[in-house]
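File shown: coords.txt (compact mmCIF, C-alpha atoms and all ligand atoms).
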# COMPACT_ATOMS: atom_id res chain seq x y z
CA MET L 1028 -9.38 16.02 19.76
CA THR L 1029 -7.44 14.53 22.67
CA GLU L 1030 -7.70 10.83 23.25
CA GLY L 1031 -8.88 9.39 26.57
CA LYS L 1032 -6.36 7.57 28.77
CA GLU L 1033 -7.82 4.14 27.96
CA LEU L 1034 -7.59 4.64 24.22
CA GLU L 1035 -4.07 6.03 24.53
CA GLY L 1036 -3.17 2.95 26.61
CA LEU L 1037 -4.58 0.67 23.93
CA ARG L 1038 -2.67 2.60 21.25
CA GLN L 1039 0.61 2.07 23.08
CA GLU L 1040 -0.19 -1.61 23.63
CA VAL L 1041 -0.97 -2.20 19.93
CA ARG L 1042 2.06 -0.18 18.85
CA GLY L 1043 4.32 -2.22 21.13
CA TRP L 1044 2.88 -5.48 19.86
CA LEU L 1045 3.30 -4.39 16.24
CA ASP L 1046 6.89 -3.30 16.84
CA ALA L 1047 7.61 -6.86 17.93
CA ASN L 1048 5.35 -8.77 15.54
CA ALA L 1049 4.60 -6.84 12.32
CA PRO L 1050 6.04 -8.69 9.32
CA ARG L 1051 8.86 -6.99 7.45
CA GLY L 1052 9.57 -7.20 3.75
CA TRP L 1053 6.18 -8.73 2.99
CA ARG L 1054 5.75 -6.82 -0.29
CA GLU L 1055 8.93 -8.37 -1.66
CA SER L 1056 7.68 -11.83 -0.64
CA TYR L 1057 4.52 -11.44 -2.76
CA ASP L 1058 6.14 -12.63 -5.97
CA ASN L 1059 3.63 -15.38 -6.77
CA HIS L 1060 0.08 -16.24 -5.79
CA GLU L 1061 0.99 -19.06 -3.43
CA ALA L 1062 3.51 -16.92 -1.55
CA PHE L 1063 0.85 -14.21 -1.23
CA ALA L 1064 -1.75 -16.64 0.17
CA GLN L 1065 0.75 -18.20 2.57
CA SER L 1066 1.94 -14.82 3.83
CA GLN L 1067 -1.68 -13.67 4.34
CA ARG L 1068 -2.55 -16.83 6.29
CA GLU L 1069 0.48 -16.44 8.55
CA TRP L 1070 -0.26 -12.79 9.30
CA PHE L 1071 -3.90 -13.55 10.05
CA ALA L 1072 -2.88 -16.36 12.46
CA LYS L 1073 -0.44 -13.99 14.16
CA LEU L 1074 -3.14 -11.34 14.58
CA VAL L 1075 -5.53 -13.94 16.04
CA GLU L 1076 -2.81 -14.93 18.50
CA GLY L 1077 -2.16 -11.28 19.40
CA GLY L 1078 -5.88 -10.59 19.86
CA TYR L 1079 -6.20 -8.00 17.07
CA ALA L 1080 -7.84 -9.97 14.23
CA ILE L 1081 -11.50 -9.72 15.26
CA PRO L 1082 -11.96 -6.66 17.52
CA HIS L 1083 -15.50 -6.26 16.11
CA TRP L 1084 -16.71 -9.73 17.22
CA PRO L 1085 -18.57 -10.14 20.53
CA ALA L 1086 -16.55 -10.23 23.76
CA GLU L 1087 -16.72 -14.01 24.22
CA TRP L 1088 -14.30 -14.37 21.29
CA PRO L 1089 -10.56 -13.85 21.87
CA GLY L 1090 -9.76 -10.20 21.12
CA GLY L 1091 -13.45 -9.40 20.53
CA GLY L 1092 -15.78 -6.95 22.26
CA ARG L 1093 -13.88 -3.79 21.32
CA SER L 1094 -15.85 -0.57 20.97
CA LEU L 1095 -15.80 1.20 17.61
CA ALA L 1096 -13.44 3.80 19.10
CA GLU L 1097 -11.05 1.00 20.10
CA GLN L 1098 -11.34 -0.66 16.71
CA LYS L 1099 -10.44 2.67 15.14
CA VAL L 1100 -7.26 2.85 17.23
CA ILE L 1101 -6.28 -0.70 16.23
CA TYR L 1102 -6.79 -0.01 12.52
CA GLU L 1103 -4.93 3.30 12.71
CA GLU L 1104 -1.96 1.49 14.23
CA LEU L 1105 -2.10 -1.34 11.66
CA ALA L 1106 -2.00 1.31 8.94
CA ARG L 1107 0.79 3.27 10.63
CA ALA L 1108 2.93 0.14 10.86
CA ASP L 1109 2.24 -0.57 7.14
CA THR L 1110 1.19 -4.15 7.88
CA PRO L 1111 -0.36 -6.26 5.10
CA ARG L 1112 -4.10 -5.66 4.71
CA LEU L 1113 -6.08 -8.82 5.43
CA LEU L 1114 -7.34 -9.47 1.93
CA LEU L 1115 -7.77 -13.22 2.22
CA SER L 1116 -9.71 -13.25 5.48
CA PHE L 1117 -11.65 -10.00 5.08
CA VAL L 1118 -14.88 -11.57 3.79
CA SER L 1119 -14.63 -14.29 6.47
CA THR L 1120 -14.10 -12.05 9.50
CA TYR L 1121 -16.50 -9.30 8.40
CA HIS L 1122 -19.13 -10.40 5.89
CA ALA L 1123 -19.48 -14.06 6.86
CA ALA L 1124 -19.13 -13.55 10.61
CA SER L 1125 -21.61 -10.66 10.77
CA THR L 1126 -24.10 -12.67 8.73
CA PHE L 1127 -23.82 -15.55 11.23
CA PHE L 1128 -24.01 -13.28 14.28
CA GLU L 1129 -27.09 -11.49 12.99
CA CYS L 1130 -28.99 -14.11 11.03
CA GLY L 1131 -27.30 -17.52 11.38
CA SER L 1132 -28.72 -20.48 13.30
CA GLU L 1133 -26.96 -21.57 16.51
CA GLU L 1134 -25.73 -24.60 14.63
CA GLN L 1135 -24.23 -22.44 11.84
CA LYS L 1136 -22.51 -20.18 14.37
CA ALA L 1137 -21.02 -23.14 16.24
CA ARG L 1138 -19.88 -24.79 13.01
CA TYR L 1139 -18.39 -21.83 11.15
CA LEU L 1140 -17.16 -19.12 13.52
CA PRO L 1141 -14.37 -21.18 15.17
CA LYS L 1142 -13.24 -22.32 11.73
CA ILE L 1143 -12.87 -18.73 10.58
CA LEU L 1144 -10.41 -18.15 13.41
CA GLU L 1145 -8.53 -21.26 12.34
CA GLY L 1146 -8.14 -19.70 8.88
CA GLU L 1147 -11.10 -21.00 6.86
CA THR L 1148 -11.74 -18.43 4.15
CA TRP L 1149 -14.98 -17.27 2.60
CA CYS L 1150 -15.81 -15.42 -0.60
CA GLN L 1151 -18.91 -13.47 -1.55
CA GLY L 1152 -21.00 -14.70 -4.48
CA PHE L 1153 -23.49 -11.88 -4.91
CA SER L 1154 -22.77 -10.06 -8.21
CA GLU L 1155 -23.65 -11.54 -11.58
CA PRO L 1156 -22.97 -10.41 -15.16
CA ASN L 1157 -26.31 -8.55 -15.19
CA ALA L 1158 -26.75 -7.88 -11.50
CA GLY L 1159 -24.25 -5.50 -9.88
CA SER L 1160 -25.62 -2.09 -8.89
CA ASP L 1161 -29.04 -3.65 -9.39
CA LEU L 1162 -28.21 -6.72 -7.28
CA ALA L 1163 -31.84 -7.76 -6.86
CA ALA L 1164 -31.91 -8.59 -10.59
CA LEU L 1165 -29.81 -11.70 -9.91
CA LYS L 1166 -30.79 -14.82 -11.85
CA THR L 1167 -28.73 -17.73 -10.44
CA LYS L 1168 -31.46 -20.28 -9.86
CA ALA L 1169 -31.91 -22.68 -6.95
CA GLU L 1170 -34.55 -25.39 -7.04
CA ARG L 1171 -35.44 -27.31 -3.93
CA LYS L 1172 -35.29 -31.08 -4.42
CA GLY L 1173 -35.88 -32.90 -1.13
CA ASP L 1174 -33.12 -31.98 1.32
CA VAL L 1175 -31.00 -30.04 -1.15
CA TYR L 1176 -31.13 -26.98 -3.36
CA VAL L 1177 -29.86 -27.58 -6.90
CA VAL L 1178 -28.13 -24.42 -8.08
CA ASN L 1179 -27.36 -23.28 -11.64
CA GLY L 1180 -25.96 -19.95 -12.80
CA GLN L 1181 -22.96 -17.67 -12.73
CA LYS L 1182 -21.39 -15.26 -10.27
CA VAL L 1183 -18.70 -12.70 -11.08
CA TRP L 1184 -16.14 -10.41 -9.38
CA SER L 1185 -15.90 -12.69 -6.33
CA THR L 1186 -12.79 -11.44 -4.55
CA MET L 1187 -10.18 -14.11 -3.75
CA ALA L 1188 -12.64 -16.90 -4.63
CA GLN L 1189 -9.75 -19.01 -5.95
CA TYR L 1190 -8.51 -19.38 -2.34
CA ALA L 1191 -11.89 -19.65 -0.64
CA ASP L 1192 -13.19 -22.70 1.21
CA LYS L 1193 -16.78 -21.43 1.36
CA CYS L 1194 -19.04 -18.94 -0.39
CA LEU L 1195 -21.85 -16.64 0.75
CA LEU L 1196 -24.24 -17.21 -2.12
CA LEU L 1197 -27.35 -15.32 -3.19
CA VAL L 1198 -29.74 -17.30 -5.38
CA ARG L 1199 -33.21 -16.93 -6.83
CA THR L 1200 -35.76 -19.42 -5.54
CA SER L 1201 -38.81 -17.65 -6.97
CA SER L 1202 -39.63 -15.18 -9.74
CA ASP L 1203 -43.02 -14.21 -8.30
CA GLY L 1204 -43.62 -10.76 -6.83
CA PRO L 1205 -41.01 -8.02 -6.37
CA LYS L 1206 -37.50 -9.14 -7.40
CA GLN L 1207 -36.14 -8.85 -3.83
CA ALA L 1208 -38.78 -11.30 -2.59
CA GLY L 1209 -37.57 -14.42 -4.39
CA ILE L 1210 -33.96 -14.31 -3.16
CA THR L 1211 -32.52 -16.93 -0.81
CA TYR L 1212 -29.18 -16.93 1.03
CA LEU L 1213 -27.08 -20.13 0.93
CA LEU L 1214 -23.67 -21.23 2.21
CA MET L 1215 -21.78 -23.10 -0.46
CA ASP L 1216 -18.77 -25.39 -0.19
CA MET L 1217 -16.34 -24.26 -2.91
CA LYS L 1218 -15.19 -27.88 -3.38
CA ALA L 1219 -18.74 -29.09 -4.10
CA LYS L 1220 -19.33 -30.93 -7.38
CA GLY L 1221 -20.32 -28.53 -10.17
CA VAL L 1222 -18.46 -25.45 -8.84
CA THR L 1223 -15.93 -24.04 -11.31
CA VAL L 1224 -13.81 -21.03 -10.34
CA ARG L 1225 -12.12 -19.04 -13.07
CA PRO L 1226 -9.82 -16.19 -11.93
CA ILE L 1227 -10.16 -13.00 -14.00
CA ASN L 1228 -6.95 -11.57 -15.47
CA GLN L 1229 -6.80 -7.88 -14.64
CA ILE L 1230 -5.15 -5.20 -16.72
CA GLN L 1231 -2.28 -4.74 -14.22
CA GLY L 1232 -1.44 -8.45 -14.07
CA ASP L 1233 -3.33 -9.46 -10.92
CA GLN L 1234 -6.06 -12.03 -10.44
CA GLU L 1235 -7.83 -10.48 -7.48
CA PHE L 1236 -11.29 -11.74 -8.33
CA CYS L 1237 -13.04 -14.58 -10.14
CA GLU L 1238 -16.01 -15.85 -12.07
CA ILE L 1239 -17.82 -18.75 -10.39
CA PHE L 1240 -19.83 -21.13 -12.57
CA LEU L 1241 -22.49 -23.28 -10.90
CA ASP L 1242 -23.66 -26.38 -12.68
CA ASP L 1243 -26.23 -28.51 -10.80
CA VAL L 1244 -24.49 -27.77 -7.50
CA GLU L 1245 -26.25 -29.45 -4.59
CA ILE L 1246 -26.41 -27.41 -1.37
CA PRO L 1247 -28.03 -29.01 1.71
CA VAL L 1248 -31.09 -27.16 3.00
CA GLU L 1249 -29.47 -26.69 6.44
CA GLU L 1250 -26.91 -24.44 4.71
CA ARG L 1251 -29.61 -21.81 4.16
CA VAL L 1252 -29.38 -18.64 6.27
CA GLY L 1253 -32.83 -17.37 7.22
CA GLU L 1254 -35.99 -18.54 5.52
CA GLU L 1255 -36.44 -19.28 1.85
CA GLY L 1256 -37.21 -16.01 0.03
CA GLN L 1257 -35.79 -13.88 2.90
CA GLY L 1258 -32.25 -13.71 1.49
CA TRP L 1259 -32.43 -10.00 0.64
CA ALA L 1260 -32.77 -9.08 4.31
CA VAL L 1261 -29.89 -11.42 5.24
CA ALA L 1262 -27.75 -9.85 2.47
CA GLN L 1263 -28.25 -6.42 4.08
CA ALA L 1264 -26.56 -7.79 7.23
CA THR L 1265 -23.65 -8.99 5.09
CA LEU L 1266 -23.29 -5.69 3.25
CA ALA L 1267 -23.56 -3.54 6.38
CA SER L 1268 -20.96 -5.58 8.24
CA GLU L 1269 -17.99 -3.32 7.68
CA ARG L 1270 -18.64 0.01 9.32
CA GLY L 1271 -16.26 2.39 7.60
CA LEU L 1272 -13.07 1.17 9.22
CA THR L 1273 -11.61 0.05 5.90
CA LEU L 1274 -11.92 3.48 4.32
CA MET L 1275 -10.31 5.11 7.35
CA GLU L 1276 -7.52 2.53 7.36
CA LEU L 1277 -6.95 2.95 3.62
CA SER L 1278 -6.87 6.74 3.93
CA TYR L 1279 -4.19 6.48 6.61
CA ARG L 1280 -2.26 3.98 4.53
CA MET L 1281 -2.27 6.43 1.62
CA GLN L 1282 -1.07 9.21 3.92
CA GLY L 1283 1.67 6.91 5.24
CA ALA L 1284 2.77 6.15 1.68
CA LEU L 1285 3.35 9.81 0.72
CA TRP L 1286 7.06 9.21 1.27
CA ARG L 1287 7.10 7.30 -2.01
CA ILE L 1288 6.28 10.50 -3.92
CA ALA L 1289 8.73 12.55 -1.82
CA GLU L 1290 11.39 9.98 -2.68
CA LEU L 1291 10.61 10.26 -6.39
CA ILE L 1292 10.90 14.03 -6.21
CA ARG L 1293 14.33 13.70 -4.57
CA LYS L 1294 15.47 10.95 -6.93
CA ASN L 1295 14.55 13.05 -9.96
CA GLY L 1296 16.18 16.21 -8.53
CA LEU L 1297 12.86 18.07 -8.56
CA GLU L 1298 13.11 19.60 -5.07
CA GLU L 1299 13.22 23.11 -6.59
CA ASP L 1300 10.55 22.56 -9.26
CA ALA L 1301 7.71 24.91 -8.32
CA GLY L 1302 5.10 23.04 -10.40
CA VAL L 1303 5.94 19.65 -8.90
CA LEU L 1304 6.06 21.05 -5.37
CA ARG L 1305 2.67 22.69 -5.90
CA ASP L 1306 1.18 19.39 -7.08
CA PHE L 1307 2.77 17.54 -4.17
CA GLY L 1308 1.50 20.11 -1.65
CA HIS L 1309 -1.93 19.92 -3.21
CA LEU L 1310 -1.90 16.12 -2.87
CA VAL L 1311 -0.69 16.20 0.75
CA THR L 1312 -3.57 18.54 1.61
CA ARG L 1313 -6.11 16.41 -0.24
CA ILE L 1314 -4.92 13.26 1.57
CA ASP L 1315 -5.00 15.04 4.94
CA CYS L 1316 -8.58 16.12 4.17
CA THR L 1317 -9.52 12.55 3.17
CA CYS L 1318 -8.21 11.26 6.53
CA ALA L 1319 -10.10 14.02 8.34
CA ILE L 1320 -13.36 13.20 6.51
CA ALA L 1321 -12.93 9.47 7.23
CA ASP L 1322 -12.14 10.25 10.87
CA GLN L 1323 -15.18 12.47 11.22
CA PHE L 1324 -17.37 9.82 9.65
CA LEU L 1325 -16.26 7.22 12.18
CA GLN L 1326 -16.54 9.70 15.02
CA ASN L 1327 -20.13 10.40 13.94
CA ARG L 1328 -20.78 6.67 14.09
CA ILE L 1329 -19.21 6.40 17.52
CA ASP L 1330 -21.40 9.32 18.67
CA GLY L 1331 -24.51 7.86 17.02
CA ALA L 1332 -24.72 10.90 14.74
CA GLU L 1333 -24.11 9.33 11.33
CA ARG L 1334 -25.93 10.98 8.43
CA VAL L 1335 -27.38 9.14 5.43
CA GLY L 1336 -24.82 9.43 2.66
CA ASP L 1337 -21.78 9.92 4.95
CA ALA L 1338 -20.27 6.60 3.91
CA SER L 1339 -20.78 7.42 0.21
CA LEU L 1340 -19.03 10.76 0.68
CA VAL L 1341 -15.99 9.11 2.28
CA LYS L 1342 -15.82 6.39 -0.34
CA ASN L 1343 -15.98 8.79 -3.30
CA THR L 1344 -13.42 11.13 -1.70
CA TYR L 1345 -11.02 8.29 -1.00
CA SER L 1346 -11.27 6.74 -4.48
CA ARG L 1347 -10.76 10.11 -6.19
CA VAL L 1348 -7.74 11.10 -4.08
CA LEU L 1349 -6.21 7.63 -4.43
CA ARG L 1350 -6.33 8.15 -8.19
CA GLU L 1351 -4.60 11.53 -7.83
CA TYR L 1352 -1.92 9.97 -5.60
CA SER L 1353 -1.11 7.17 -8.01
CA LEU L 1354 -1.38 9.49 -11.02
CA LEU L 1355 1.24 11.87 -9.62
CA GLY L 1356 3.44 8.84 -8.86
CA THR L 1357 2.96 7.58 -12.42
CA ARG L 1358 3.84 11.02 -13.82
CA LEU L 1359 6.99 11.39 -11.74
CA GLY L 1360 7.97 7.71 -11.81
CA GLY L 1361 8.83 7.80 -15.50
CA ILE L 1362 8.68 5.05 -18.03
CA ASP L 1363 11.20 2.73 -16.33
CA GLU L 1364 9.18 2.55 -13.12
CA GLN L 1365 6.05 1.86 -15.12
CA TYR L 1366 7.47 -1.24 -16.78
CA GLN L 1367 8.17 -3.02 -13.50
CA ALA L 1368 6.30 -6.34 -13.10
CA PRO L 1369 3.20 -5.13 -11.35
CA ILE L 1370 1.62 -7.90 -9.29
CA THR L 1371 0.03 -6.04 -6.40
CA PHE L 1372 -2.50 -8.48 -4.91
CA GLY L 1373 -4.85 -5.70 -3.95
CA ASP L 1374 -2.18 -3.60 -2.23
CA LEU L 1375 -2.81 -0.04 -3.34
CA ASN L 1376 0.52 1.51 -2.34
CA THR L 1377 3.18 -0.62 -3.94
CA GLY L 1378 5.17 2.05 -5.75
CA ASN L 1379 4.57 0.16 -9.01
CA TRP L 1380 2.93 3.35 -10.14
CA MET L 1381 1.19 2.29 -13.32
CA ALA L 1382 -0.23 -0.77 -11.56
CA ASP L 1383 -1.27 1.33 -8.56
CA PHE L 1384 -2.97 3.81 -10.90
CA MET L 1385 -4.92 1.10 -12.68
CA ASN L 1386 -5.75 -0.55 -9.36
CA SER L 1387 -7.09 2.73 -8.01
CA TYR L 1388 -10.08 2.43 -10.36
CA ALA L 1389 -11.26 -0.67 -8.47
CA TRP L 1390 -12.31 1.61 -5.63
CA THR L 1391 -14.57 3.60 -7.94
CA ILE L 1392 -16.65 0.42 -8.39
CA ALA L 1393 -16.18 -1.99 -5.45
CA GLY L 1394 -18.82 -1.78 -2.75
CA GLY L 1395 -21.09 0.34 -5.00
CA SER L 1396 -19.99 2.44 -7.97
CA GLU L 1397 -19.05 6.12 -7.81
CA GLU L 1398 -22.19 7.11 -9.73
CA VAL L 1399 -24.45 5.12 -7.43
CA GLN L 1400 -22.79 6.78 -4.40
CA ARG L 1401 -23.41 10.18 -6.03
CA ASN L 1402 -27.08 9.27 -6.42
CA ILE L 1403 -27.21 8.44 -2.71
CA ILE L 1404 -25.54 11.75 -1.79
CA ALA L 1405 -27.82 13.73 -4.12
CA GLU L 1406 -31.10 12.04 -3.32
CA ARG L 1407 -30.77 10.98 0.29
CA MET L 1408 -28.30 13.43 1.79
CA LEU L 1409 -29.07 16.60 -0.19
CA GLU L 1410 -32.68 15.56 -0.82
CA MET L 1411 -32.47 16.47 -4.49
CA GLN L 1412 -35.12 15.14 -6.86
CA ARG L 1413 -34.62 11.76 -8.49
CA GLU L 1414 -33.86 12.11 -12.17
CA PRO L 1415 -36.92 11.45 -14.35
CA LYS L 1416 -36.90 7.94 -15.85
CA ASP L 1417 -36.75 9.23 -19.45
CA TRP L 1418 -33.37 10.91 -18.76
CA VAL L 1419 -31.76 7.55 -18.27
CA ALA L 1420 -30.29 6.09 -21.47
CA SER L 1421 -32.14 2.93 -22.44
C1 LIG K 1501 -12.39 -4.70 -6.59
C2 LIG K 1501 -13.77 -5.27 -6.64
C3 LIG K 1501 -14.11 -6.32 -5.80
C4 LIG K 1501 -15.38 -6.88 -5.84
N1 LIG K 1501 -15.66 -7.95 -5.04
C5 LIG K 1501 -16.88 -8.54 -5.12
C6 LIG K 1501 -17.14 -9.72 -4.35
O1 LIG K 1501 -16.30 -10.25 -3.63
N2 LIG K 1501 -18.36 -10.31 -4.49
C7 LIG K 1501 -19.34 -9.79 -5.29
O2 LIG K 1501 -20.44 -10.35 -5.33
N3 LIG K 1501 -19.12 -8.68 -6.05
C8 LIG K 1501 -17.91 -8.06 -5.98
N4 LIG K 1501 -17.64 -6.94 -6.75
C9 LIG K 1501 -18.67 -6.46 -7.68
C10 LIG K 1501 -19.26 -5.12 -7.32
O3 LIG K 1501 -20.16 -5.22 -6.25
C11 LIG K 1501 -19.94 -4.59 -8.58
O4 LIG K 1501 -18.93 -4.40 -9.56
C12 LIG K 1501 -20.67 -3.28 -8.36
O5 LIG K 1501 -21.80 -3.48 -7.57
C13 LIG K 1501 -21.09 -2.64 -9.70
O6 LIG K 1501 -21.81 -3.54 -10.46
P1 LIG K 1501 -21.43 -3.85 -11.99
O7 LIG K 1501 -19.95 -4.09 -12.07
O8 LIG K 1501 -22.33 -4.91 -12.48
O9 LIG K 1501 -21.70 -2.50 -12.77
P2 LIG K 1501 -23.11 -1.98 -13.28
O10 LIG K 1501 -24.09 -2.02 -12.15
O11 LIG K 1501 -23.48 -2.70 -14.53
O12 LIG K 1501 -22.80 -0.49 -13.61
C14 LIG K 1501 -22.19 -0.09 -14.86
C15 LIG K 1501 -22.09 1.42 -14.87
O13 LIG K 1501 -23.42 1.99 -14.80
C16 LIG K 1501 -23.49 2.88 -13.69
N5 LIG K 1501 -24.82 2.78 -13.04
C17 LIG K 1501 -25.47 1.64 -12.71
N6 LIG K 1501 -26.66 1.96 -12.11
C18 LIG K 1501 -26.73 3.31 -12.07
C19 LIG K 1501 -27.69 4.24 -11.58
N7 LIG K 1501 -28.82 3.83 -10.98
N8 LIG K 1501 -27.41 5.56 -11.70
C20 LIG K 1501 -26.26 6.00 -12.28
N9 LIG K 1501 -25.31 5.16 -12.78
C21 LIG K 1501 -25.54 3.85 -12.68
C22 LIG K 1501 -22.42 2.43 -12.74
O14 LIG K 1501 -21.99 3.50 -11.92
C23 LIG K 1501 -21.32 1.98 -13.69
O15 LIG K 1501 -20.55 3.07 -14.12
C24 LIG K 1501 -16.37 -6.36 -6.74
C25 LIG K 1501 -16.03 -5.30 -7.58
C26 LIG K 1501 -14.76 -4.76 -7.54
C27 LIG K 1501 -14.42 -3.64 -8.48
Taking this structure as input, can you express it in the form of structure tokens?
Amino acid sequence: MTEGKELEGLRQEVRGWLDANAPRGWRESYDNHEAFAQSQREWFAKLVEGGYAIPHWPAEWPGGGRSLAEQKVIYEELARADTPRLLLSFVSTYHAASTFFECGSEEQKARYLPKILEGETWCQGFSEPNAGSDLAALKTKAERKGDVYVVNGQKVWSTMAQYADKCLLLVRTSSDGPKQAGITYLLMDMKAKGVTVRPINQIQGDQEFCEIFLDDVEIPVEERVGEEGQGWAVAQATLASERGLTLMELSYRMQGALWRIAELIRKNGLEEDAGVLRDFGHLVTRIDCTCAIADQFLQNRIDGAERVGDASLVKNTYSRVLREYSLLGTRLGGIDEQYQAPITFGDLNTGNWMADFMNSYAWTIAGGSEEVQRNIIAERMLEMQREPKDWVAS
């Protein structure tokens, strides 16, 4: 597919800007959590300045008003230049902002959107120990007392919550009727009294996400988004905010990181090894296909021809191929590589192969587990029958 002149012009503009401004050596600078957070903040500020941080926001915002096709070009170029992914500000610029644009009051928009551009960070407090795939089963309780809600409960897996200023919080205000009906959406100050954040130690040494404990936390009523009991509908705006760009960007990043495997093959003198070359060729093809599927998915969106289940297909393909990529790296990297200190801060292509391999599993769960995506593909895309209830293990 050839690209129109305008998109090609934008591509050259972004490429030129990145040549001059993309940070170098950022992976090496991520040797402790503070350095990681500082580096992320600086890169976000630079992107805001350059006009590439919020292409999906409306046009009245600096750098906003880009079409999906233009956003695609920007993310392709960010991936090509191997810039740091915006892990710290992702929830703020996508989930929080989209929630405000679609469901927030004018006062909430005016208060929070400018602060996001100044670097205020948000986390997402949706999942709970017994409410993940079945999010509507959440139990964190909020009781209205005058002008505040008093909140008690626990959230889990909140990405980067240890750095967050604010939290998008789903709570239960009623247990009557269907479980979706009693959910309310609140905006919580992470410094409020009664909020305890405990980072979770991951197997590969990172602390990418946290538990959040809420003990009589008071949240003013004006920090509610939408009406009481209407939080499920607001949450759909939050969850739908990112429209497939991440998976496309990640697929391109994986393709761009193939050199790491090629380098391992050279380093180990395996250029003539037929088995290794076959596995490498197989991987290159699988990654090319992943990029093509992600591309097609976005193109369908741009053309208004998206099919139910398309996003699930891309996500499951990406997470599976990412595992194959890091597994081949782990196999060829050898034991010495695998003992390197593996702090990755959510970067999936570090070359710390064992860490990258373990990290790859995150994508089989985050944003909806692999099995749940398969259900969507089977039931909604292929229109297969739902499995009878008594097949499901109790
Ligand atoms: C990297 C990462 C970042 C995350 N960030 C956040 C965040 O910032 N904020 C937040 O709120 N949450 C976050 N999450 C949580 C994420 O949304 C949940 O982990 C996810 O929804 C799955 O829920 P669960 O972990 O409770 O697993 P469960 O829902 O308990 O699932 C356990 C297993 O059962 C399977 N299963 C469940 N239901 C079905 C079904 N109907 N059919 C077939 N199989 C089923 C699942 O596939 C899985 O294998 C994050 C998770 C990850 C991995």
Please identify all polymer residues within 8 Å of stretch 1187-1203 of chain L, counting all atoms listed in the file, omitting same-chain residues fewer than 3 positions from it, and present them as a PDB file with C-alpha atoms, in the frame of the given file.
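In the end it all went to result.pdb:
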ATOM      1  CA  ALA L1064      -1.750 -16.640   0.170  1.00  0.00           C
ATOM      2  CA  LEU L1114      -7.340  -9.470   1.930  1.00  0.00           C
ATOM      3  CA  LEU L1115      -7.770 -13.220   2.220  1.00  0.00           C
ATOM      4  CA  ALA L1123     -19.480 -14.060   6.860  1.00  0.00           C
ATOM      5  CA  GLU L1147     -11.100 -21.000   6.860  1.00  0.00           C
ATOM      6  CA  THR L1148     -11.740 -18.430   4.150  1.00  0.00           C
ATOM      7  CA  TRP L1149     -14.980 -17.270   2.600  1.00  0.00           C
ATOM      8  CA  CYS L1150     -15.810 -15.420  -0.600  1.00  0.00           C
ATOM      9  CA  GLN L1151     -18.910 -13.470  -1.550  1.00  0.00           C
ATOM     10  CA  GLY L1152     -21.000 -14.700  -4.480  1.00  0.00           C
ATOM     11  CA  PHE L1153     -23.490 -11.880  -4.910  1.00  0.00           C
ATOM     12  CA  LEU L1165     -29.810 -11.700  -9.910  1.00  0.00           C
ATOM     13  CA  LYS L1166     -30.790 -14.820 -11.850  1.00  0.00           C
ATOM     14  CA  THR L1167     -28.730 -17.730 -10.440  1.00  0.00           C
ATOM     15  CA  LYS L1168     -31.460 -20.280  -9.860  1.00  0.00           C
ATOM     16  CA  ALA L1169     -31.910 -22.680  -6.950  1.00  0.00           C
ATOM     17  CA  GLU L1170     -34.550 -25.390  -7.040  1.00  0.00           C
ATOM     18  CA  VAL L1178     -28.130 -24.420  -8.080  1.00  0.00           C
ATOM     19  CA  LYS L1206     -37.500  -9.140  -7.400  1.00  0.00           C
ATOM     20  CA  ALA L1208     -38.780 -11.300  -2.590  1.00  0.00           C
ATOM     21  CA  GLY L1209     -37.570 -14.420  -4.390  1.00  0.00           C
ATOM     22  CA  ILE L1210     -33.960 -14.310  -3.160  1.00  0.00           C
ATOM     23  CA  THR L1211     -32.520 -16.930  -0.810  1.00  0.00           C
ATOM     24  CA  TYR L1212     -29.180 -16.930   1.030  1.00  0.00           C
ATOM     25  CA  LEU L1213     -27.080 -20.130   0.930  1.00  0.00           C
ATOM     26  CA  LEU L1214     -23.670 -21.230   2.210  1.00  0.00           C
ATOM     27  CA  MET L1215     -21.780 -23.100  -0.460  1.00  0.00           C
ATOM     28  CA  ASP L1216     -18.770 -25.390  -0.190  1.00  0.00           C
ATOM     29  CA  MET L1217     -16.340 -24.260  -2.910  1.00  0.00           C
ATOM     30  CA  LYS L1218     -15.190 -27.880  -3.380  1.00  0.00           C
ATOM     31  CA  VAL L1224     -13.810 -21.030 -10.340  1.00  0.00           C
ATOM     32  CA  ARG L1225     -12.120 -19.040 -13.070  1.00  0.00           C
ATOM     33  CA  PRO L1226      -9.820 -16.190 -11.930  1.00  0.00           C
ATOM     34  CA  GLU L1235      -7.830 -10.480  -7.480  1.00  0.00           C
ATOM     35  CA  PHE L1236     -11.290 -11.740  -8.330  1.00  0.00           C
ATOM     36  CA  CYS L1237     -13.040 -14.580 -10.140  1.00  0.00           C
ATOM     37  CA  ILE L1239     -17.820 -18.750 -10.390  1.00  0.00           C
ATOM     38  CA  GLU L1255     -36.440 -19.280   1.850  1.00  0.00           C
ATOM     39  CA  GLY L1256     -37.210 -16.010   0.030  1.00  0.00           C
ATOM     40  CA  GLY L1258     -32.250 -13.710   1.490  1.00  0.00           C
ATOM     41  CA  ALA L1262     -27.750  -9.850   2.470  1.00  0.00           C
TER      42      ALA L1262
END
Inset, instruction - Can you work out the spacing between atom CA of L:Asn1402 and atom N8 of ligand LIG 1501 (chain K) in Å, to one decimal? - result: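 Separation of atom CA of L:Asn1402 and atom N8 of ligand LIG 1501 (chain K): 6.5 Å.
Across the structure, atom CA of L:Ser1268 and atom CA of L:Ala1106 are spaced 20.2 Å apart.
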Inset, instruction - Please extract the residues at most 9 Å from ligand LIG 1501 (chain K), counting only C-alpha atoms and all ligand atoms, and provide them as a ChimeraX atom specification, using the chain letters and residue numbers of this document. - result: /L:1118,1150-1162,1182-1188,1195-1197,1235-1237,1373,1386,1388-1402,1419
